[in-house]
>>> print(open('query-v4.txt').read())   # compact mmCIF, C-alpha atoms and all ligand atoms
# COMPACT_ATOMS: atom_id res chain seq x y z
CA MET A 202 0.00 0.00 0.00
CA GLN A 203 1.35 3.40 -0.97
CA LEU A 204 0.45 5.16 2.27
CA ILE A 205 0.73 8.91 2.67
CA SER A 206 0.82 9.65 6.37
CA ARG A 207 -1.09 12.49 7.99
CA THR A 208 2.04 14.54 8.48
CA ALA A 209 3.08 13.94 4.86
CA TRP A 210 -0.12 15.52 3.52
CA GLY A 211 -0.26 18.25 6.11
CA ALA A 212 -2.48 17.15 8.99
CA PRO A 213 -1.51 16.94 12.68
CA ALA A 214 0.26 13.63 13.34
CA THR A 215 -2.49 12.06 15.44
CA SER A 216 -6.22 12.21 14.84
CA PRO A 217 -8.26 13.49 17.79
CA ALA A 218 -11.13 11.19 16.75
CA ALA A 219 -12.32 8.69 19.36
CA ALA A 220 -10.73 5.25 19.44
CA LEU A 221 -12.67 2.35 17.93
CA PRO A 222 -10.51 -0.78 18.14
CA SER A 223 -12.88 -2.94 16.11
CA ALA A 224 -15.92 -2.66 13.86
CA ARG A 225 -18.10 -4.93 11.72
CA GLY A 226 -16.54 -3.75 8.52
CA VAL A 227 -15.73 -0.92 6.16
CA ALA A 228 -18.00 1.45 4.22
CA VAL A 229 -16.92 2.81 0.83
CA HIS A 230 -17.56 6.45 -0.07
CA TYR A 231 -16.95 8.86 -2.94
CA LEU A 232 -16.92 12.63 -3.21
CA GLY A 233 -20.47 12.95 -4.49
CA THR A 234 -19.58 15.98 -6.60
CA ARG A 235 -18.04 16.40 -10.02
CA TYR A 236 -14.33 15.65 -9.82
CA ASP A 237 -12.08 15.99 -12.83
CA SER A 238 -8.89 14.01 -13.17
CA ARG A 239 -5.84 15.98 -12.05
CA PRO A 240 -2.13 15.39 -11.59
CA HIS A 241 -1.06 13.61 -8.44
CA SER A 242 0.80 16.75 -7.34
CA GLN A 243 -2.62 18.24 -6.52
CA CYS A 244 -4.00 15.30 -4.54
CA ALA A 245 -2.57 16.26 -1.13
CA ALA A 246 -4.13 19.72 -1.46
CA MET A 247 -7.45 18.04 -2.28
CA VAL A 248 -7.24 15.92 0.86
CA ARG A 249 -6.38 19.02 2.92
CA SER A 250 -9.39 20.84 1.48
CA ILE A 251 -11.68 17.92 2.36
CA ARG A 252 -10.39 18.00 5.93
CA ALA A 253 -10.83 21.80 6.06
CA SER A 254 -14.41 21.53 4.83
CA HIS A 255 -15.18 18.90 7.46
CA LEU A 256 -13.65 20.99 10.24
CA ALA A 257 -15.71 23.97 9.06
CA ASN A 258 -18.93 21.95 9.26
CA LYS A 259 -20.45 23.27 12.51
CA GLN A 260 -23.55 21.10 12.15
CA GLU A 261 -21.51 17.89 12.34
CA ASN A 262 -18.95 19.38 14.73
CA TYR A 263 -16.18 17.25 13.25
CA ALA A 264 -12.92 16.92 15.17
CA ASP A 265 -11.05 15.76 12.06
CA VAL A 266 -11.48 14.65 8.46
CA ALA A 267 -14.42 12.24 8.60
CA TYR A 268 -12.83 9.27 6.76
CA ASN A 269 -10.36 6.72 8.06
CA TYR A 270 -8.55 6.67 4.70
CA LEU A 271 -8.87 8.50 1.38
CA VAL A 272 -7.61 7.10 -1.90
CA CYS A 273 -6.65 9.14 -4.97
CA GLU A 274 -7.06 8.11 -8.58
CA HIS A 275 -3.31 7.44 -8.73
CA GLY A 276 -3.66 4.72 -6.12
CA TYR A 277 -2.15 6.50 -3.12
CA VAL A 278 -3.79 5.96 0.26
CA TYR A 279 -4.03 9.04 2.46
CA GLU A 280 -4.19 8.44 6.18
CA GLY A 281 -7.33 10.16 7.46
CA ARG A 282 -8.37 9.27 10.99
CA GLY A 283 -6.37 6.10 10.45
CA ALA A 284 -6.98 2.61 11.76
CA GLY A 285 -8.64 1.99 15.12
CA ARG A 286 -10.60 5.25 15.12
CA ARG A 287 -14.31 5.96 14.87
CA SER A 288 -15.46 7.23 11.50
CA GLY A 289 -17.45 10.42 11.10
CA ALA A 290 -18.65 9.77 7.58
CA ASN A 291 -21.28 7.06 7.68
CA GLY A 292 -24.33 9.12 8.65
CA GLY A 293 -24.87 8.60 12.36
CA THR A 294 -23.37 7.29 15.57
CA ALA A 295 -24.55 3.71 14.97
CA GLN A 296 -23.14 3.64 11.43
CA ASN A 297 -19.93 5.36 12.46
CA THR A 298 -19.23 2.78 15.13
CA SER A 299 -20.31 -0.24 13.07
CA HIS A 300 -18.09 0.52 10.06
CA TYR A 301 -14.88 2.38 9.30
CA ALA A 302 -14.96 4.69 6.27
CA VAL A 303 -12.79 4.77 3.15
CA CYS A 304 -13.33 7.54 0.58
CA ALA A 305 -12.39 7.47 -3.09
CA LEU A 306 -11.31 10.77 -4.62
CA HIS A 307 -13.79 10.05 -7.37
CA GLY A 308 -16.75 12.09 -8.49
CA THR A 309 -20.14 11.63 -10.08
CA THR A 310 -18.79 11.14 -13.59
CA GLY A 311 -16.40 8.70 -15.22
CA GLN A 312 -15.02 5.36 -14.17
CA PRO A 313 -12.70 4.86 -11.20
CA SER A 314 -9.17 4.05 -12.36
CA ASP A 315 -7.61 0.65 -11.73
CA ALA A 316 -5.08 2.38 -9.47
CA LEU A 317 -7.91 3.85 -7.41
CA LEU A 318 -9.61 0.46 -7.05
CA ARG A 319 -6.31 -1.12 -6.08
CA GLY A 320 -5.73 1.59 -3.46
CA LEU A 321 -9.24 1.16 -2.08
CA ALA A 322 -8.79 -2.60 -1.85
CA GLU A 323 -5.47 -2.09 -0.07
CA ALA A 324 -6.97 0.41 2.39
CA ILE A 325 -9.83 -2.00 3.12
CA ALA A 326 -7.38 -4.88 3.65
CA HIS A 327 -5.32 -2.66 5.95
CA LEU A 328 -8.38 -1.84 8.06
CA GLN A 329 -9.26 -5.54 8.15
CA GLN A 330 -5.80 -6.20 9.58
CA HIS A 331 -6.54 -3.57 12.23
CA GLY A 332 -9.92 -4.40 13.68
CA ALA A 333 -12.39 -4.30 10.78
CA GLY A 334 -14.60 -7.33 10.22
CA ARG A 335 -15.16 -8.86 6.79
CA GLU A 336 -18.20 -6.76 5.90
CA VAL A 337 -17.52 -4.30 3.07
CA VAL A 338 -20.54 -2.14 2.26
CA CYS A 339 -21.52 0.98 0.35
CA HIS A 340 -22.31 4.12 2.31
CA GLY A 341 -25.78 3.76 0.77
CA ASP A 342 -26.23 0.43 2.56
CA LEU A 343 -25.99 2.22 5.91
CA THR A 344 -28.06 5.30 5.24
CA ALA A 345 -30.15 6.78 2.43
CA THR A 346 -27.56 8.15 -0.01
CA ALA A 347 -26.34 7.55 -3.55
CA CYS A 348 -22.77 7.36 -2.20
CA PRO A 349 -20.46 5.88 -3.53
CA GLY A 350 -22.16 6.14 -6.97
CA GLY A 351 -22.83 3.49 -9.61
CA PRO A 352 -19.39 2.22 -10.62
CA LEU A 353 -18.04 1.95 -7.09
CA THR A 354 -21.28 0.38 -5.85
CA SER A 355 -20.93 -2.30 -8.55
CA TRP A 356 -17.32 -2.86 -7.49
CA VAL A 357 -18.33 -3.31 -3.85
CA ARG A 358 -21.14 -5.68 -4.88
CA ALA A 359 -18.66 -7.71 -6.92
CA GLY A 360 -16.61 -8.25 -3.74
CA HIS A 361 -14.23 -5.26 -4.19
CA PRO A 362 -11.81 -7.25 -6.41
CA LEU A 363 -8.27 -6.12 -7.07
CA PRO A 364 -8.08 -4.94 -10.69
CA GLU A 365 -6.20 -7.38 -12.87
CA VAL A 366 -2.90 -6.39 -14.37
CA LYS A 367 -3.65 -6.91 -18.04
CA PRO A 368 -0.60 -8.59 -19.59
CA GLY A 369 -1.41 -7.21 -23.05
CA ALA A 370 -1.83 -3.63 -21.88
CA GLY A 371 0.61 -1.05 -23.21
CA SER A 372 2.89 1.17 -21.21
CA THR A 373 1.54 3.67 -18.71
CA ARG A 374 2.79 6.99 -17.38
CA HIS A 375 3.76 7.55 -13.80
CA THR A 376 4.54 10.86 -12.09
CA VAL A 377 7.16 10.50 -9.38
CA VAL A 378 6.09 11.83 -5.98
CA ARG A 379 8.43 13.06 -3.28
CA GLY A 380 10.29 10.33 -1.47
CA GLU A 381 9.35 7.67 -3.99
CA THR A 382 12.07 5.29 -5.15
CA LEU A 383 12.33 3.43 -8.41
CA THR A 384 12.23 0.16 -6.47
CA ALA A 385 8.85 1.11 -5.00
CA ILE A 386 7.50 2.20 -8.38
CA ALA A 387 8.75 -0.99 -10.01
CA ARG A 388 7.14 -3.18 -7.37
CA ARG A 389 3.89 -1.29 -7.67
CA TYR A 390 3.61 -1.94 -11.41
CA GLY A 391 5.08 -5.42 -11.25
CA VAL A 392 8.04 -4.58 -13.46
CA THR A 393 11.78 -4.52 -12.85
CA VAL A 394 13.84 -1.46 -11.97
CA ALA A 395 16.00 -2.24 -14.99
CA ALA A 396 12.97 -2.25 -17.30
CA ILE A 397 11.88 1.21 -16.14
CA ALA A 398 15.44 2.52 -16.28
CA SER A 399 15.90 1.35 -19.84
CA ALA A 400 12.44 2.51 -20.98
CA ASN A 401 13.26 6.01 -19.76
CA GLY A 402 16.97 6.11 -20.50
CA LEU A 403 17.78 6.73 -16.85
CA PRO A 404 21.55 6.83 -16.35
CA ASP A 405 21.26 6.36 -12.59
CA PRO A 406 18.18 4.58 -11.19
CA ASP A 407 18.93 6.09 -7.78
CA ARG A 408 18.33 9.57 -9.15
CA ILE A 409 14.71 10.28 -9.92
CA ALA A 410 13.04 13.55 -9.01
CA ALA A 411 9.59 14.43 -7.73
CA GLY A 412 7.39 15.47 -10.63
CA GLN A 413 9.42 13.48 -13.14
CA GLN A 414 7.30 11.61 -15.70
CA LEU A 415 8.22 7.99 -16.26
CA THR A 416 7.07 5.55 -18.87
CA ILE A 417 6.27 2.27 -17.18
CA PRO A 418 6.71 -0.61 -19.62
CA LYS A 419 4.04 -3.28 -19.61
CA ALA A 420 4.43 -5.96 -17.02
CA THR A 421 6.21 -9.04 -18.27
CA ALA A 422 6.90 -11.73 -15.72
CA PRO A 423 6.03 -10.89 -12.13
CA ALA A 424 9.14 -9.17 -10.80
CA ARG A 425 9.95 -10.60 -7.44
CA PRO A 426 13.28 -9.39 -6.10
CA LYS A 427 15.76 -11.86 -4.65
CA VAL A 428 17.80 -11.02 -1.57
CA SER A 429 20.96 -12.96 -0.78
CA LEU A 430 21.17 -13.61 2.95
CA ALA A 431 24.98 -13.84 2.92
CA ARG A 432 25.44 -10.61 1.00
CA LEU A 433 22.88 -8.86 3.18
CA ILE A 434 24.64 -9.95 6.37
CA ALA A 435 27.96 -8.79 4.94
CA ALA A 436 26.44 -5.38 4.16
CA ALA A 437 24.83 -5.14 7.60
CA LYS A 438 28.17 -5.82 9.27
CA ALA A 439 30.20 -3.56 6.99
CA ASP A 440 28.12 -0.61 5.83
CA PRO A 441 28.78 2.65 7.58
CA PRO A 442 26.22 5.35 6.84
CA LYS A 443 27.55 6.92 3.68
CA THR A 444 24.70 8.31 1.65
CA GLY A 445 25.75 9.25 -1.85
CA THR A 446 28.48 6.65 -2.22
CA PRO A 447 27.93 3.40 -4.14
CA VAL A 448 26.04 0.78 -2.18
CA SER A 449 27.75 -2.48 -1.32
CA TYR A 450 24.75 -4.67 -2.17
CA SER A 451 21.59 -3.71 -4.05
CA GLY A 452 19.44 -6.14 -2.03
CA VAL A 453 19.81 -3.86 0.99
CA ARG A 454 17.40 -1.43 -0.59
CA THR A 455 14.79 -4.16 -1.11
CA VAL A 456 14.96 -4.98 2.60
CA GLU A 457 14.87 -1.29 3.54
CA GLU A 458 11.75 -0.79 1.40
CA ALA A 459 10.15 -3.70 3.24
CA LEU A 460 11.10 -2.25 6.64
CA ARG A 461 9.66 1.07 5.57
CA ALA A 462 6.44 -0.63 4.48
CA GLU A 463 6.31 -2.16 7.97
CA GLY A 464 6.56 1.31 9.48
CA LEU A 465 9.95 0.53 11.02
CA LEU A 466 12.24 2.69 8.87
CA ALA A 467 11.82 6.32 7.83
CA GLY A 468 11.98 6.96 4.08
CA GLN A 469 15.14 9.05 4.33
CA TYR A 470 17.06 5.96 5.49
CA VAL A 471 15.98 3.84 2.52
CA ASP A 472 19.31 4.57 0.85
CA GLY A 473 20.81 1.17 0.05
CA HIS A 474 23.22 1.33 2.99
CA PHE A 475 22.68 -1.08 5.87
CA GLY A 476 23.78 1.56 8.40
CA SER A 477 23.06 1.80 12.11
CA VAL A 478 19.50 3.10 11.62
CA THR A 479 18.69 0.17 9.32
CA VAL A 480 20.24 -2.21 11.88
CA SER A 481 17.93 -0.74 14.57
CA ALA A 482 14.94 -1.04 12.24
CA TYR A 483 15.79 -4.67 11.47
CA ALA A 484 16.17 -5.37 15.18
CA ALA A 485 12.65 -4.00 15.66
CA TRP A 486 11.45 -6.40 12.95
CA GLN A 487 13.18 -9.30 14.75
CA ARG A 488 11.45 -8.35 18.00
CA ARG A 489 8.16 -8.21 16.10
CA CYS A 490 8.91 -11.80 15.00
CA GLY A 491 9.30 -12.74 18.66
CA TYR A 492 13.09 -12.77 18.92
CA THR A 493 14.90 -11.26 21.89
CA GLY A 494 18.45 -10.61 23.05
CA ARG A 495 21.18 -11.61 20.58
CA ASP A 496 18.57 -13.00 18.21
CA ALA A 497 17.29 -9.44 17.80
CA ASP A 498 20.59 -7.68 17.19
CA GLY A 499 19.60 -6.22 13.82
CA ILE A 500 21.79 -8.56 11.76
CA PRO A 501 19.37 -10.49 9.52
CA GLY A 502 18.79 -14.19 10.08
CA ARG A 503 17.13 -16.50 7.60
CA ALA A 504 13.81 -16.98 9.41
CA SER A 505 13.12 -13.31 10.07
CA LEU A 506 14.23 -12.35 6.55
CA GLN A 507 12.03 -15.00 4.97
CA ARG A 508 9.11 -13.79 7.01
CA LEU A 509 9.73 -10.24 5.83
CA GLY A 510 10.07 -11.41 2.24
CA THR A 511 6.87 -13.44 2.35
CA LYS A 512 5.00 -10.45 3.68
CA ARG A 513 6.62 -7.82 1.47
CA GLY A 514 7.28 -9.65 -1.77
CA PHE A 515 10.88 -10.80 -2.13
CA ASP A 516 12.62 -14.17 -2.10
CA VAL A 517 15.59 -15.10 0.07
CA THR A 518 18.57 -16.88 -1.44
CA ASN A 519 21.80 -18.05 0.20
ZN ZN B 1 -20.44 8.64 1.64
ZN ZN B 2 -3.04 11.22 -6.61
>>> encode(input="query-v4.txt", output="structure tokens")
Amino acid sequence: MQLISRTAWGAPATSPAAALPSARGVAVHYLGTRYDSRPHSQCAAMVRSIRASHLANKQENYADVAYNYLVCEHGYVYEGRGAGRRSGANGGTAQNTSHYAVCALHGTTGQPSDALLRGLAEAIAHLQQHGAGREVVCHGDLTATACPGGPLTSWVRAGHPLPEVKPGAGSTRHTVVRGETLTAIARRYGVTVAAIASANGLPDPDRIAAGQQLTIPKATAPARPKVSLARLIAAAKADPPKTGTPVSYSGVRTVEEALRAEGLLAGQYVDGHFGSVTVSAYAAWQRRCGYTGRDADGIPGRASLQRLGTKRGFDVTN
């Protein structure tokens, strides 16, 4: 899931909304107004304006943006109230405590993009991992409203499937957002870093800039990175923090991306160097796996690495 945290889009770090550790399920919403497609660079401002309009709504007396998550047409998931918090969007206290709320940045016209549907499915799955039951409903199932509109209602009725990656589809365009790495983009589209680099003539895959337009070649075989345990351990034992110098082993970045996805490593440290911050982050992962003492010293072992790879999409080799 390409999560954009509250602080990243410009909201206070923690939502003041009341805690709600579990609920029956998740309700899907849309904007309910006309919404024209726009570049991703404008999506954070859109989310901020939604929050501002909710805070300005004296009748509802909102403490925060009403949704738990919001998803843009480019597939990014914006942290609203977040997991484990009561929604304010479902139309009443009973509905707000029975279901969390996920809102698509989609309007009354057009079809939701595949990226949007993927992001919605990921946000729903994330809520299900954090207290939501299996029930996925339309806002209109909870209260009298047309929300979330025809196409999204059909998608919910169909069991909110992940859109298929069509093997025959041509290339697509992707606009790089701040902090995004080529590894993350490649994983998202199911292509290799090398394929994107060659399709765009990138001399250095480590250097991409926010706002840069990339051509994403069509997916070929599912790209599943391999991480060598021996080379990773060597990097973890040897790498001093030296951002900007060549990395000792490219698999380090794959592991760092996974640690970041787990919320254990800040994006600025996803730099290909297994430095002290990455060691601490890996130690936190080992503790999460149940290891203690010397077994959680931040130097990867096979079992913890395999567990990370299974969860975050890479294979472990010797
Ligand atoms: Zn709604
Ligand atoms: Zn966007």
>>> residues_near_ligand(input="query-v4.txt", ligand="ligand ZN 1 (chain B)", cutoff="9 Å", atoms="all atoms listed in the file", output="JSON, numbers by chain")
{"A": [228, 229, 230, 231, 232, 233, 290, 291, 292, 302, 303, 304, 339, 340, 341, 346, 347, 348, 349]}
>>> residues_near_ligand(input="query-v4.txt", ligand="ligand ZN 2 (chain B)", cutoff="7 Å", atoms="all atoms listed in the file", output="list in words")
Pro240, His241, Ser242, Cys244, Cys273, Glu274, His275, Gly276 and Tyr277 of chain A
>>> closest_residue(input="query-v4.txt", among="A:Ala485, A:Gln469, A:Ala437, A:Gly360", to="A:Pro501", atoms="all atoms listed in the file")
A:Ala437
>>> closest_atom_pairs(input="query-v4.txt", of="stretch 287-384 of chain A", to="stretch 454-458 of chain A", cutoff="12 Å", atoms="all atoms listed in the file", output="JSON lines")
{"residue": "A:Gly380", "atom": "CA", "partner": "A:Glu458", "partner_atom": "CA", "distance": 11.6}
{"residue": "A:Glu381", "atom": "CA", "partner": "A:Glu458", "partner_atom": "CA", "distance": 10.3}
{"residue": "A:Thr382", "atom": "CA", "partner": "A:Glu458", "partner_atom": "CA", "distance": 8.9}
{"residue": "A:Leu383", "atom": "CA", "partner": "A:Arg454", "partner_atom": "CA", "distance": 10.5}
{"residue": "A:Thr384", "atom": "CA", "partner": "A:Thr455", "partner_atom": "CA", "distance": 7.3}
>>> atom_distance(input="query-v4.txt", atom1="atom CA of A:Gln312", atom2="atom CA of A:Ala359")
15.4 Å
>>> atom_distance(input="query-v4.txt", atom1="atom CA of A:Val272", atom2="atom CA of A:Ala212")
15.7 Å
>>> atom_distance(input="query-v4.txt", atom1="atom CA of A:Val517", atom2="atom CA of A:Asp407")
22.8 Å
>>> closest_residue(input="query-v4.txt", among="A:Ser399, A:Gln487, A:Gln414, A:Thr479", to="A:Ala436", atoms="only C-alpha atoms")
A:Thr479
>>> closest_residue(input="query-v4.txt", among="A:Ile434, A:Arg286, A:Arg495, A:Ala218", to="A:Asn262", atoms="all atoms listed in the file")
A:Ala218
>>> residues_around(input="query-v4.txt", residues="A:Lys512", least_positions_apart="3", cutoff="10 Å", atoms="all atoms listed in the file", output="PDB file with C-alpha atoms, keeping the file's coordinate frame")
ATOM      1  CA  ALA A 459      10.150  -3.700   3.240  1.00  0.00           C
ATOM      2  CA  ALA A 462       6.440  -0.630   4.480  1.00  0.00           C
ATOM      3  CA  GLU A 463       6.310  -2.160   7.970  1.00  0.00           C
ATOM      4  CA  LEU A 506      14.230 -12.350   6.550  1.00  0.00           C
ATOM      5  CA  GLN A 507      12.030 -15.000   4.970  1.00  0.00           C
ATOM      6  CA  ARG A 508       9.110 -13.790   7.010  1.00  0.00           C
ATOM      7  CA  LEU A 509       9.730 -10.240   5.830  1.00  0.00           C
ATOM      8  CA  PHE A 515      10.880 -10.800  -2.130  1.00  0.00           C
TER       9      PHE A 515
END
>>> closest_residue(input="query-v4.txt", among="A:Leu317, A:Gly281, A:Ala209, A:Met202", to="A:Ala467", atoms="only C-alpha atoms")
A:Ala209
>>> closest_residue(input="query-v4.txt", among="A:Pro364, A:Pro222, A:Gly320, A:Gly283", to="A:Arg207", atoms="only C-alpha atoms")
A:Gly283
>>> residues_around(input="query-v4.txt", residues="stretch 325-336 of chain A", least_positions_apart="5", cutoff="8 Å", atoms="only C-alpha atoms", output="ChimeraX atom specification")
/A:222-227,284-285,300-301,303
>>> build_atoms(input="query-v4.txt", residues="stretch 425-435 of chain A", atoms="all heavy atoms", output="PDB file, keeping the file's coordinate frame")
ATOM      1  N   ARG A 425       9.839 -10.363  -8.866  1.00  0.00           N
ATOM      2  CA  ARG A 425       9.950 -10.600  -7.440  1.00  0.00           C
ATOM      3  C   ARG A 425      11.425 -10.552  -7.086  1.00  0.00           C
ATOM      4  O   ARG A 425      12.206 -11.414  -7.496  1.00  0.00           O
ATOM      5  CB  ARG A 425       9.348 -11.966  -7.115  1.00  0.00           C
ATOM      6  CG  ARG A 425       8.803 -12.069  -5.711  1.00  0.00           C
ATOM      7  CD  ARG A 425       8.106 -13.399  -5.526  1.00  0.00           C
ATOM      8  NE  ARG A 425       8.271 -13.862  -4.170  1.00  0.00           N
ATOM      9  CZ  ARG A 425       7.484 -13.487  -3.179  1.00  0.00           C
ATOM     10  NH1 ARG A 425       6.499 -12.685  -3.383  1.00  0.00           N
ATOM     11  NH2 ARG A 425       7.711 -13.936  -1.956  1.00  0.00           N
ATOM     12  N   PRO A 426      11.846  -9.516  -6.371  1.00  0.00           N
ATOM     13  CA  PRO A 426      13.280  -9.390  -6.100  1.00  0.00           C
ATOM     14  C   PRO A 426      13.809 -10.556  -5.279  1.00  0.00           C
ATOM     15  O   PRO A 426      13.062 -11.176  -4.510  1.00  0.00           O
ATOM     16  CB  PRO A 426      13.370  -8.085  -5.298  1.00  0.00           C
ATOM     17  CG  PRO A 426      12.024  -7.475  -5.300  1.00  0.00           C
ATOM     18  CD  PRO A 426      11.035  -8.494  -5.742  1.00  0.00           C
ATOM     19  N   LYS A 427      15.082 -10.848  -5.469  1.00  0.00           N
ATOM     20  CA  LYS A 427      15.760 -11.860  -4.650  1.00  0.00           C
ATOM     21  C   LYS A 427      16.763 -11.145  -3.747  1.00  0.00           C
ATOM     22  O   LYS A 427      17.432 -10.208  -4.180  1.00  0.00           O
ATOM     23  CB  LYS A 427      16.513 -12.836  -5.545  1.00  0.00           C
ATOM     24  CG  LYS A 427      15.582 -13.726  -6.356  1.00  0.00           C
ATOM     25  CD  LYS A 427      16.363 -14.882  -6.958  1.00  0.00           C
ATOM     26  CE  LYS A 427      15.560 -15.686  -7.973  1.00  0.00           C
ATOM     27  NZ  LYS A 427      14.167 -15.899  -7.663  1.00  0.00           N
ATOM     28  N   VAL A 428      16.847 -11.595  -2.520  1.00  0.00           N
ATOM     29  CA  VAL A 428      17.800 -11.020  -1.570  1.00  0.00           C
ATOM     30  C   VAL A 428      18.704 -12.144  -1.075  1.00  0.00           C
ATOM     31  O   VAL A 428      18.218 -13.150  -0.555  1.00  0.00           O
ATOM     32  CB  VAL A 428      17.083 -10.345  -0.387  1.00  0.00           C
ATOM     33  CG1 VAL A 428      18.082  -9.888   0.658  1.00  0.00           C
ATOM     34  CG2 VAL A 428      16.247  -9.155  -0.875  1.00  0.00           C
ATOM     35  N   SER A 429      20.008 -11.964  -1.260  1.00  0.00           N
ATOM     36  CA  SER A 429      20.960 -12.960  -0.780  1.00  0.00           C
ATOM     37  C   SER A 429      21.238 -12.720   0.701  1.00  0.00           C
ATOM     38  O   SER A 429      21.666 -11.635   1.092  1.00  0.00           O
ATOM     39  CB  SER A 429      22.270 -12.838  -1.581  1.00  0.00           C
ATOM     40  OG  SER A 429      23.354 -13.311  -0.799  1.00  0.00           O
ATOM     41  N   LEU A 430      20.974 -13.745   1.501  1.00  0.00           N
ATOM     42  CA  LEU A 430      21.170 -13.610   2.950  1.00  0.00           C
ATOM     43  C   LEU A 430      22.633 -13.309   3.267  1.00  0.00           C
ATOM     44  O   LEU A 430      22.937 -12.419   4.068  1.00  0.00           O
ATOM     45  CB  LEU A 430      20.725 -14.900   3.653  1.00  0.00           C
ATOM     46  CG  LEU A 430      20.906 -14.913   5.170  1.00  0.00           C
ATOM     47  CD1 LEU A 430      20.056 -13.844   5.841  1.00  0.00           C
ATOM     48  CD2 LEU A 430      20.574 -16.284   5.753  1.00  0.00           C
ATOM     49  N   ALA A 431      23.550 -14.025   2.621  1.00  0.00           N
ATOM     50  CA  ALA A 431      24.980 -13.840   2.920  1.00  0.00           C
ATOM     51  C   ALA A 431      25.438 -12.425   2.571  1.00  0.00           C
ATOM     52  O   ALA A 431      26.145 -11.776   3.353  1.00  0.00           O
ATOM     53  CB  ALA A 431      25.804 -14.866   2.143  1.00  0.00           C
ATOM     54  N   ARG A 432      25.007 -11.952   1.405  1.00  0.00           N
ATOM     55  CA  ARG A 432      25.440 -10.610   1.000  1.00  0.00           C
ATOM     56  C   ARG A 432      24.796  -9.543   1.875  1.00  0.00           C
ATOM     57  O   ARG A 432      25.395  -8.509   2.161  1.00  0.00           O
ATOM     58  CB  ARG A 432      25.113 -10.380  -0.483  1.00  0.00           C
ATOM     59  CG  ARG A 432      25.867 -11.320  -1.401  1.00  0.00           C
ATOM     60  CD  ARG A 432      25.684 -10.957  -2.847  1.00  0.00           C
ATOM     61  NE  ARG A 432      26.340  -9.685  -3.181  1.00  0.00           N
ATOM     62  CZ  ARG A 432      26.223  -9.083  -4.348  1.00  0.00           C
ATOM     63  NH1 ARG A 432      25.471  -9.613  -5.295  1.00  0.00           N
ATOM     64  NH2 ARG A 432      26.840  -7.949  -4.582  1.00  0.00           N
ATOM     65  N   LEU A 433      23.569  -9.809   2.310  1.00  0.00           N
ATOM     66  CA  LEU A 433      22.880  -8.860   3.180  1.00  0.00           C
ATOM     67  C   LEU A 433      23.584  -8.762   4.536  1.00  0.00           C
ATOM     68  O   LEU A 433      23.803  -7.672   5.070  1.00  0.00           O
ATOM     69  CB  LEU A 433      21.422  -9.302   3.368  1.00  0.00           C
ATOM     70  CG  LEU A 433      20.510  -8.292   4.042  1.00  0.00           C
ATOM     71  CD1 LEU A 433      20.252  -7.088   3.137  1.00  0.00           C
ATOM     72  CD2 LEU A 433      19.183  -8.927   4.423  1.00  0.00           C
ATOM     73  N   ILE A 434      23.939  -9.935   5.080  1.00  0.00           N
ATOM     74  CA  ILE A 434      24.640  -9.950   6.370  1.00  0.00           C
ATOM     75  C   ILE A 434      25.972  -9.212   6.249  1.00  0.00           C
ATOM     76  O   ILE A 434      26.341  -8.407   7.110  1.00  0.00           O
ATOM     77  CB  ILE A 434      24.847 -11.397   6.862  1.00  0.00           C
ATOM     78  CG1 ILE A 434      23.500 -12.014   7.260  1.00  0.00           C
ATOM     79  CG2 ILE A 434      25.818 -11.440   8.041  1.00  0.00           C
ATOM     80  CD1 ILE A 434      23.560 -13.490   7.582  1.00  0.00           C
ATOM     81  N   ALA A 435      26.668  -9.466   5.142  1.00  0.00           N
ATOM     82  CA  ALA A 435      27.960  -8.790   4.940  1.00  0.00           C
ATOM     83  C   ALA A 435      27.767  -7.267   4.917  1.00  0.00           C
ATOM     84  O   ALA A 435      28.536  -6.516   5.520  1.00  0.00           O
ATOM     85  CB  ALA A 435      28.591  -9.268   3.637  1.00  0.00           C
TER      86      ALA A 435
END
